[in-house]
Amino acid sequence: MVFSRRPRQLREPFAYASKLGFRLFFLATLVFLYAPIILLMVFSFNDSKRNIVWRGFTTKYYVKAWENTGLVEAFINSLLIAVVSTIVSIVLGTLLALLLWRFRFRGKTLIEALSALPIVMPEICVGIALLVFFNRIGWPNDLPWPMNLSKIILAHITFTFPFVMLVLRARLVGFNPELEQAARDLGASQRQALFHILIPYLRPGLVAGGLLALTLSLDDFVITFFTAGPDSVTFPIKIYSLLRRGISPDINAASTVLILLTLLLAGVGVWWQTRMQKTTLYTANRPAVQ
Amino acid sequence: MPNPEDIARPARLHSEAPRGETPRPETLRPETPHPETLRSARMRPEQRDSERAESAEEVIRLEGIAKSFGAVTAVHPTSFSVRRGEFFALLGPSGCGKTTLLRILSGFHPPTAGRLFIDGTDMTAVPANRRPVNMVFQSYAVFPHMSVGENVAYGLKVAKVARSERQQRVREALELVRLGGMESRRPAQLSGGQQQRVALARALVMQPKVLLLDEPLSALDAKLREHMCAELVRLQKQVGITFLIVTHDQAEALSMADRIAVMNHGHLEQLDSPETLYTFPATRFVADFIGRINFFAAEVLADGTVEAQALGKFRPAQDSLPQGAATAALRPEQIVVSTTAPPKQEGRSMARGTVSLLAYYGDYCTAEIVLEGREDSTEGESEGGTEDSPKDNTGGQAKMTVFIINNTPQAREIAREGQAVWCSWAIRDLLLIPQAGGG
C-alpha cells in the first residue's frame with residue numbers, strides 16, 4: 001500500500017495516514033476484507049478436494065457445478081427473484097419517494113418512518129414474521145414454477161424498496177422545481193413534465209437504487225430461508241445446503257460466479273452513471289454564477 | 001451602501017432622447033398628483049369603462065387580483081394592464097409581491113381573488129401549460145439532460161409542431177439570441193449567460209403573447225448584466241413581443257422598461273414611465289426606492305408656502321398641496337456644490353455646510369454635507385452628533401447627499417472631508433410629498 005509521505009510536523013486530524021501504526025491497521029483491514037474472497041476464488045481452480053493445499057490448476061469444479069442441476073436451478077431462481085423484486089421495488093420506491101417529496105399530508109411522518117423500518121428491522125425477525133404470516137393466511141406452497149417463488153419475491157420487495165426510496169429521496173432534494181415548471185410553462189401536461197423532466201433527472205438514482213435492490217435480493221439468505229419452500233430454493237440457500245456435506249471446490253466455483261456477477265452488475269452501474277454524469281452534468285440545474 | 005449604478009445608469013437604449021441632466025420641460029410637471037398615477041394605481045370602478053375602450057391595446061389586464069398564503073397576504077387587490085408590445089417592469093424590494101404576481105400571470109399560483117385577462121380572454125382558471133405566455137426562470141431552468149437544440153425545441157415538440165418547421169424555428173430562435181450553431185451543445189458546457197440565452201430562445205420560440213422574465217439578470221456579474229440589459233431591449237424591439245420583467249434592481253428597470261409598476265408590501269405604489277417615476281414619485285416609498293434622494297421634514301402652511309427643515313420657507317412649484325405635514329425631497333444631482341457662496345438668484349435657494357462623508361466610485365463621489373442651521377429656520381438642528389440617516393432629516397443635524405463628478409477642478413476643492421461648502425438648488429426642483437402618500 002502506498003501512502004504519500006507527509007511532513008512529520010503535521011498534526012491535523014486527517015494526518016493519521018502518515019502514522020505507521022495506522023498504516024498497519026489499514027493493511028490488516030484490507031487483508032481481512034479481501035484475502036478470504038481472493039482465496040475462495042483462487043481455490044475454486046485448485047485440483048484438490050480440500051481447500052488447504054494447492055495441487056494445480058483445473059476448471060473441473062466449474063464443470064461440476066454446472067452439471068449440478070439443483071445448483072443451476074437455484075441460480076436461475078435467484079436471478080428471477082432478483083429481477084422481478086427489483087422492478088417492483090423501483091416502481092414502488094419511486095412512487096413513494098415522489099409522494100413524500102411533492103405532498104404534505106396527514107400521517108406523512110408516520111409513512112416515512114414505516115417505510116424505512118424494514119431497513120433497521122433485524123432480518124431474522126422479519127423472516128420469522130413472514131413465515132408465520134404466510135402460514136397464517138394459507139399462502140399455497142405447491143404452486144408450479146415460477147409461481148412458487150412468489151413468497152420469496154414478496155418478501156424481497158419488502159426490504160428492497162425502502163433502499164430505492166431512500167436513494168431517490170436524496171436525489172430529489174437537489175431537484176430544481178423550476179425545471180418542472182419550465183416544462184409546464186412550455187405546454188407540457190403534468191404527466192409529460194413527469195416523464196420528460198423528472199424521471200430523466202432521477203435516472204442515476206433509479207440505476208443506483210435498482211442495483212442496490214438487485215444485489216440485496218441476489219444474496220439474501222435469512223429472509224429467503226424462512227420464506228423458501230422445499231422446491232423453491234435460491235442460490236445462497238443451495239450453497240448453504242451443499243456446505244452441510246463438507247466444503248468442496250464446486251461451492252467455491254459457484255460462489256466465484258456469484259461474486260463475479262455482482263461485480264459485473266456494480267461495474268455496469270458505475271459505468272452507466274458516469275456516462276450519464278458526463279453527458280448531462282446534473283449539477284448544472286442551478287444558475288452558474290459567473 | 002450607495003449603488004454606483006444609481007447615476008451611472010446607462011443612457012436609455014430606446015429611440016427616445018436620453019433623459020437625465022437635460023432640463024425637464026415644464027409641461028411634464030403635473031398640476032395635481034400625477035393623473036396617470038391616479039388612473040392606474042388607484043383605479044376606481046367607474047373609471048374602468050374608459051379603460052375597456054383601450055382593451056385592444058392591452059395584452060394583460062388584472063382586475064382586483066389578490067393572493068394570500070394562509071393568513072399571509074402576498075398581493076392585495078391589484079388592477080393594472082400591460083400594453084401590447086411594451087417593455088413592462090414589476091419593480092420592488094424582495095417580499096413586495098412582484099414574484100407572486102408573476103406566478104399568477106404564468107399560472108403557477110391561482111389568485112385568491114380577482115380576474116386575469118390575457119389578450120382579452122379570461123385566463124384566471126387556465127392552467128400554466130395552456131396560457132399563451134412563456135417564462136424565463138430565475139434559475140434559467142435549462143433542462144440538463146437535453147442539448148441546447150432539444151431544449152429550445154421542447155415546447156414545439158409538446159405542441160406537436162412538424163419536425164421540419166420545428167428545426168427551422170429552433171434555428172431562428174437560437175440565432176435571435178446569438179447562439180446560432182450551438183444546437184448540439186450540452187447545458188453543462190455553457191456559461192451562465194449562455195444558459196440564460198437558451199432559456200430566452202426556448203420561451204421566444206413559442207411566440208408568446210407576453211414573455212415573462214423572473215429576475216433574469218440577478219445571477220450575472222455587473223458587466224454582463226449591463227450587456228444583457230441592452231441585449232434584452234434589442235430583442236424586445238426585434239421580436240415586438242410584450243416583455244414583462246420582474247426585478248428588484250431599479251437601475252435595471254429604469255434603463256430597460258417603457259413603464260414600471262413599483263410594488264411595496266403587496267400594493268401597487270405607482271405605475272408610470274421611468275422618467276415620471278424618477279421625477280414625480282407619487283409616494284415617499286417610490287421616491288426613496290428609485291434613485292437616491294434627500295428627504296426633509298416639511299409642513300405646508302395655510303398660505304400655501306412650505307416650511308422645511310434645513311431648507312427654510314419657500315413657495316413650492318406644486319399647487320393645491322394638502323395643508324399639514326409633508327416631506328420635501330431633493331435629488332442629489334439637483335444640488336450644486338461650490339466652495340464660495342453662489343450669487344443670489346431668483347428661484348434658487350442655498351445652505352452652508354461641511355463635507356463629512358465621502359464615498360469614491362471612480363467617475364464620481366457621493367458626499368454627505370452636514371448643513372448649518374439657517375437663521376430663518378426654527379427647527380433645532382444644532383444638537384449635532386445624532387445618528388439620523390442622511391436622507392431622512394426628521395430632526396437633529398440636517399444632512400444632504402450630493403454627487404461630485406470626479407477629476408474636475410471643483411471636485412479637487414470640494415471632495416475633502418471637513419471642507420466648508422455651499423449647496424444650492426432650484427426651488428422648483430423641490431418635490432413635496434404629502435404625508436398621506438408617504439410610505
# chains A, B, ... in the order shown; residues from 1 in each chain; ligands from 1
>>> residues_around(residues="segment 218-228 of chain A", least_positions_apart="2", cutoff="7 Å", atoms="only C-alpha atoms", output="list in words")
Ser78, Leu79, Ala82, Glu123, Ile124, Val126, Gly127, Ile128, Leu130, Leu131, Lys151, Ile152, Leu214, Thr215, Leu216, Pro230, Ser232, Val233, Pro236 and Ile237 of chain A
>>> residues_around(residues="segment 99-107 of chain A", least_positions_apart="3", cutoff="9 Å", atoms="only C-alpha atoms", output="compact mmCIF listing (two decimals) with N, CA and C atoms, in the first residue's frame")
# COMPACT_ATOMS: atom_id res chain seq x y z
N THR A 94 -40.08 4.58 -6.23
CA THR A 94 -40.22 5.86 -6.93
C THR A 94 -41.52 6.54 -6.55
N LEU A 95 -42.59 5.77 -6.58
CA LEU A 95 -43.90 6.35 -6.26
C LEU A 95 -43.89 6.92 -4.85
N LEU A 96 -43.32 6.17 -3.93
CA LEU A 96 -43.33 6.63 -2.53
C LEU A 96 -42.43 7.86 -2.38
N LEU A 110 -45.47 9.45 9.71
CA LEU A 110 -45.70 8.03 10.03
C LEU A 110 -45.30 7.15 8.84
N ILE A 111 -45.71 7.56 7.64
CA ILE A 111 -45.39 6.77 6.46
C ILE A 111 -43.89 6.76 6.23
N GLU A 112 -43.24 7.92 6.45
CA GLU A 112 -41.79 7.99 6.31
C GLU A 112 -41.11 7.00 7.24
N ARG A 169 -35.06 9.77 -2.71
CA ARG A 169 -35.38 10.96 -1.91
C ARG A 169 -34.17 11.85 -1.78
N LEU A 172 -33.91 13.70 -5.01
CA LEU A 172 -34.96 14.71 -5.21
C LEU A 172 -34.67 16.01 -4.47
N VAL A 173 -33.91 15.90 -3.38
CA VAL A 173 -33.58 17.11 -2.62
C VAL A 173 -32.90 18.13 -3.52
>>> closest_atom_pairs(of="chain B", to="chain A", cutoff="7 Å", atoms="only C-alpha atoms", output="tab-separated table")
residue	atom	partner	partner_atom	distance
B:Ala128	CA	A:Asp185	CA	5.5
B:Asn129	CA	A:Gly187	CA	4.0
B:Arg130	CA	A:Gly187	CA	6.2
B:Asn134	CA	A:Asp185	CA	6.0
B:Met135	CA	A:Asp185	CA	6.8
B:Phe137	CA	A:Glu178	CA	7.0
B:Ser139	CA	A:Pro287	CA	5.0
B:Tyr140	CA	A:Pro287	CA	6.6
B:Ala141	CA	A:Leu179	CA	4.8
B:Val142	CA	A:Asn285	CA	6.9
B:Phe143	CA	A:Leu179	CA	6.5
B:Pro144	CA	A:Thr280	CA	5.5
B:His145	CA	A:Thr280	CA	4.9
B:Gly155	CA	A:Leu186	CA	4.7
B:Val158	CA	A:Ala188	CA	6.1
B:Ala159	CA	A:Gly187	CA	6.9
B:Arg186	CA	A:Thr280	CA	6.8
B:Ala188	CA	A:Ala284	CA	5.6
B:Ser191	CA	A:Ala288	CA	6.8
B:Gly192	CA	A:Ala288	CA	4.8
B:Ala219	CA	A:Val289	CA	5.6
B:Leu220	CA	A:Gln290	CA	6.0
B:Asp221	CA	A:Gln290	CA	6.1
>>> residues_around(residues="Pro111 of chain B", least_positions_apart="6", cutoff="9 Å", atoms="only C-alpha atoms", output="CSV table (one decimal) with N, CA, C and O atoms, in the first residue's frame")
chain,number,residue,atom,x,y,z
B,65,ILE,N,-56.8,41.5,-8.7
B,65,ILE,CA,-56.0,40.3,-8.4
B,65,ILE,C,-55.4,40.3,-7.0
B,65,ILE,O,-54.7,41.3,-6.7
B,66,ALA,N,-55.7,39.3,-6.2
B,66,ALA,CA,-55.1,39.3,-4.9
B,66,ALA,C,-54.7,37.9,-4.6
B,66,ALA,O,-55.1,36.9,-5.2
B,67,LYS,N,-53.7,37.7,-3.7
B,67,LYS,CA,-53.2,36.4,-3.4
B,67,LYS,C,-52.8,36.3,-1.9
B,67,LYS,O,-52.1,37.2,-1.4
B,68,SER,N,-53.4,35.3,-1.2
B,68,SER,CA,-53.0,35.1,0.2
B,68,SER,C,-52.4,33.7,0.3
B,68,SER,O,-52.9,32.8,-0.4
B,101,LEU,N,-47.1,37.9,-8.2
B,101,LEU,CA,-47.9,38.4,-9.3
B,101,LEU,C,-47.4,37.7,-10.6
B,101,LEU,O,-48.3,37.3,-11.4
B,104,ILE,N,-48.8,34.3,-10.7
B,104,ILE,CA,-50.2,34.3,-11.1
B,104,ILE,C,-50.4,34.5,-12.6
B,104,ILE,O,-51.2,33.8,-13.2
B,124,THR,N,-58.1,33.4,-15.8
B,124,THR,CA,-57.9,33.2,-14.3
B,124,THR,C,-57.8,31.7,-14.0
B,124,THR,O,-57.0,31.4,-13.1
B,125,ALA,N,-58.6,30.9,-14.6
B,125,ALA,CA,-58.6,29.5,-14.2
B,125,ALA,C,-57.8,28.6,-15.2
B,125,ALA,O,-57.9,27.3,-15.0
>>> residues_around(residues="Arg166 of chain B", least_positions_apart="5", cutoff="9 Å", atoms="only C-alpha atoms", output="compact mmCIF listing (two decimals) with all heavy atoms, in the first residue's frame")
# COMPACT_ATOMS: atom_id res chain seq x y z
N ALA B 153 -36.42 23.20 -28.65
CA ALA B 153 -37.48 22.53 -29.40
C ALA B 153 -38.56 21.95 -28.49
O ALA B 153 -39.62 21.56 -28.99
CB ALA B 153 -36.87 21.42 -30.26
N LEU B 156 -42.19 23.18 -28.75
CA LEU B 156 -42.75 22.89 -30.08
C LEU B 156 -43.07 21.42 -30.21
O LEU B 156 -44.06 21.02 -30.82
CB LEU B 156 -41.76 23.32 -31.17
CG LEU B 156 -41.37 24.79 -31.18
CD1 LEU B 156 -40.29 25.06 -32.22
CD2 LEU B 156 -42.58 25.67 -31.45
N LYS B 157 -42.22 20.59 -29.63
CA LYS B 157 -42.41 19.14 -29.68
C LYS B 157 -43.69 18.76 -28.93
O LYS B 157 -44.50 17.97 -29.42
CB LYS B 157 -41.21 18.46 -29.03
CG LYS B 157 -40.83 17.15 -29.66
CD LYS B 157 -39.49 16.70 -29.12
CE LYS B 157 -39.17 15.30 -29.56
NZ LYS B 157 -37.84 14.88 -29.11
N VAL B 161 -45.51 20.30 -33.26
CA VAL B 161 -45.16 21.03 -34.47
C VAL B 161 -44.30 20.10 -35.33
O VAL B 161 -43.44 19.38 -34.82
CB VAL B 161 -44.38 22.31 -34.10
CG1 VAL B 161 -43.84 23.00 -35.34
CG2 VAL B 161 -45.28 23.26 -33.32
N ARG B 171 -33.70 26.99 -35.07
CA ARG B 171 -32.51 27.65 -35.62
C ARG B 171 -32.68 29.17 -35.55
O ARG B 171 -31.78 29.89 -35.11
CB ARG B 171 -32.29 27.19 -37.06
CG ARG B 171 -30.90 27.51 -37.58
CD ARG B 171 -30.53 26.71 -38.82
NE ARG B 171 -31.61 26.56 -39.77
CZ ARG B 171 -32.15 25.39 -40.12
NH1 ARG B 171 -31.70 24.27 -39.59
NH2 ARG B 171 -33.13 25.33 -41.00
>>> residues_around(residues="Trp139 of chain A", least_positions_apart="5", cutoff="10 Å", atoms="only C-alpha atoms", output="ChimeraX atom specification")
/A:133-134,150-151
>>> select_by_dssp(residues="segment 131-239 of chain B", states="strand (DSSP E or B)", output="VMD selection string")
chain B and resid 133 to 136 210 to 214
>>> write_last_selection(atoms="C-alpha atoms", output="PDB file, in the first residue's frame")
ATOM      1  CA  VAL B 133     -47.341  33.330 -22.119  1.00  0.00           C
ATOM      2  CA  ASN B 134     -43.868  31.923 -21.558  1.00  0.00           C
ATOM      3  CA  MET B 135     -41.384  32.497 -18.827  1.00  0.00           C
ATOM      4  CA  VAL B 136     -37.650  32.853 -18.416  1.00  0.00           C
ATOM      5  CA  VAL B 210     -46.166  38.024 -23.322  1.00  0.00           C
ATOM      6  CA  LEU B 211     -42.690  36.962 -22.308  1.00  0.00           C
ATOM      7  CA  LEU B 212     -42.316  36.841 -18.534  1.00  0.00           C
ATOM      8  CA  LEU B 213     -38.831  37.285 -17.095  1.00  0.00           C
ATOM      9  CA  ASP B 214     -38.218  36.499 -13.437  1.00  0.00           C
TER      10      ASP B 214
END
>>> residues_around(residues="Ser184 of chain B", least_positions_apart="4", cutoff="9 Å", atoms="only C-alpha atoms", output="VMD selection string")
chain B and resid 147 to 150
>>> residues_around(residues="Glu346 of chain B", least_positions_apart="6", cutoff="12 Å", atoms="only C-alpha atoms", output="list in words")
Phe314, Ser424, Trp425, Ala426, Ile427 and Arg428 of chain B
>>> select_by_dssp(residues="segment 35-172 of chain A", states="helix (DSSP H, G or I)", output="number ranges by chain")
A: 35-43, 60-67, 69-102, 108-120, 123-136, 147-172
>>> write_last_selection(atoms="C-alpha atoms", output="CSV table (one decimal), in the first residue's frame")
chain,number,residue,atom,x,y,z
A,35,ALA,CA,-7.9,-12.1,1.4
A,36,PRO,CA,-10.8,-14.6,2.1
A,37,ILE,CA,-12.5,-13.6,-1.1
A,38,ILE,CA,-9.4,-13.9,-3.1
A,39,LEU,CA,-8.6,-17.3,-1.5
A,40,LEU,CA,-12.1,-18.5,-2.3
A,41,MET,CA,-11.7,-17.6,-5.9
A,42,VAL,CA,-8.2,-19.0,-6.2
A,43,PHE,CA,-9.1,-22.3,-4.6
A,60,LYS,CA,-13.3,-29.1,-13.5
A,61,TYR,CA,-15.2,-27.8,-10.5
A,62,TYR,CA,-16.9,-25.2,-12.6
A,63,VAL,CA,-18.0,-28.0,-14.9
A,64,LYS,CA,-19.1,-30.0,-11.8
A,65,ALA,CA,-21.0,-27.0,-10.5
A,66,TRP,CA,-22.6,-26.5,-13.9
A,67,GLU,CA,-23.7,-30.2,-14.0
A,69,THR,CA,-28.8,-29.2,-11.9
A,70,GLY,CA,-30.0,-28.2,-8.4
A,71,LEU,CA,-27.4,-25.5,-8.2
A,72,VAL,CA,-28.2,-24.2,-11.7
A,73,GLU,CA,-31.9,-24.2,-10.9
A,74,ALA,CA,-31.3,-22.3,-7.7
A,75,PHE,CA,-29.2,-19.8,-9.6
A,76,ILE,CA,-32.0,-19.2,-12.2
A,77,ASN,CA,-34.5,-18.9,-9.3
A,78,SER,CA,-32.2,-16.3,-7.6
A,79,LEU,CA,-31.9,-14.3,-10.8
A,80,LEU,CA,-35.6,-14.3,-11.5
A,81,ILE,CA,-36.5,-13.3,-7.9
A,82,ALA,CA,-33.9,-10.5,-8.0
A,83,VAL,CA,-35.1,-9.1,-11.4
A,84,VAL,CA,-38.8,-9.2,-10.5
A,85,SER,CA,-38.4,-7.8,-7.0
A,86,THR,CA,-36.1,-5.1,-8.3
A,87,ILE,CA,-38.5,-3.9,-10.9
A,88,VAL,CA,-41.4,-3.8,-8.4
A,89,SER,CA,-39.1,-2.1,-5.9
A,90,ILE,CA,-38.1,0.6,-8.3
A,91,VAL,CA,-41.8,1.4,-9.2
A,92,LEU,CA,-42.9,1.3,-5.6
A,93,GLY,CA,-39.9,3.2,-4.3
A,94,THR,CA,-40.2,5.9,-6.9
A,95,LEU,CA,-43.9,6.3,-6.3
A,96,LEU,CA,-43.3,6.6,-2.5
A,97,ALA,CA,-40.3,9.0,-2.9
A,98,LEU,CA,-42.3,11.3,-5.2
A,99,LEU,CA,-45.3,11.2,-2.9
A,100,LEU,CA,-43.2,12.2,0.1
A,101,TRP,CA,-41.4,14.8,-1.9
A,102,ARG,CA,-44.3,16.5,-3.5
A,108,LYS,CA,-46.7,11.8,6.3
A,109,THR,CA,-44.1,11.4,9.1
A,110,LEU,CA,-45.7,8.0,10.0
A,111,ILE,CA,-45.4,6.8,6.5
A,112,GLU,CA,-41.8,8.0,6.3
A,113,ALA,CA,-40.9,6.1,9.5
A,114,LEU,CA,-42.8,3.0,8.5
A,115,SER,CA,-41.3,2.8,5.1
A,116,ALA,CA,-37.8,3.0,6.5
A,117,LEU,CA,-38.5,0.4,9.2
A,118,PRO,CA,-37.6,-2.7,7.1
A,119,ILE,CA,-34.0,-1.3,6.8
A,120,VAL,CA,-33.5,-1.3,10.6
A,123,GLU,CA,-33.7,-9.8,9.4
A,124,ILE,CA,-34.3,-12.8,11.5
A,125,CYS,CA,-37.4,-11.2,13.0
A,126,VAL,CA,-38.7,-10.2,9.5
A,127,GLY,CA,-38.0,-13.7,8.3
A,128,ILE,CA,-39.9,-15.4,11.1
A,129,ALA,CA,-42.7,-12.9,10.9
A,130,LEU,CA,-43.1,-13.6,7.2
A,131,LEU,CA,-43.0,-17.3,7.7
A,132,VAL,CA,-45.8,-17.1,10.3
A,133,PHE,CA,-47.7,-14.7,8.2
A,134,PHE,CA,-47.7,-16.7,5.1
A,135,ASN,CA,-48.7,-19.8,7.0
A,136,ARG,CA,-51.5,-18.0,8.8
A,147,MET,CA,-45.3,-19.1,-9.0
A,148,ASN,CA,-43.7,-21.0,-6.2
A,149,LEU,CA,-41.2,-18.1,-5.9
A,150,SER,CA,-44.0,-15.6,-5.2
A,151,LYS,CA,-43.5,-15.7,-1.4
A,152,ILE,CA,-39.8,-15.0,-1.7
A,153,ILE,CA,-40.4,-12.2,-4.3
A,154,LEU,CA,-42.9,-10.5,-2.0
A,155,ALA,CA,-40.5,-10.9,1.0
A,156,HIS,CA,-37.7,-9.4,-1.0
A,157,ILE,CA,-39.7,-6.4,-2.1
A,158,THR,CA,-40.5,-5.6,1.5
A,159,PHE,CA,-36.8,-5.0,2.3
A,160,THR,CA,-35.5,-3.7,-1.0
A,161,PHE,CA,-38.0,-1.0,-1.9
A,162,PRO,CA,-37.0,1.2,1.1
A,163,PHE,CA,-33.5,1.4,-0.3
A,164,VAL,CA,-34.7,2.6,-3.7
A,165,MET,CA,-36.9,5.2,-1.9
A,166,LEU,CA,-34.0,6.5,0.2
A,167,VAL,CA,-31.7,6.9,-2.8
A,168,LEU,CA,-34.4,8.7,-4.8
A,169,ARG,CA,-35.4,11.0,-1.9
A,170,ALA,CA,-31.8,12.0,-1.6
A,171,ARG,CA,-31.7,12.8,-5.3
A,172,LEU,CA,-35.0,14.7,-5.2
>>> atom_distance(atom1="atom CA of Pro332 of chain B", atom2="atom CA of Gly418 of chain B")
19.0 Å
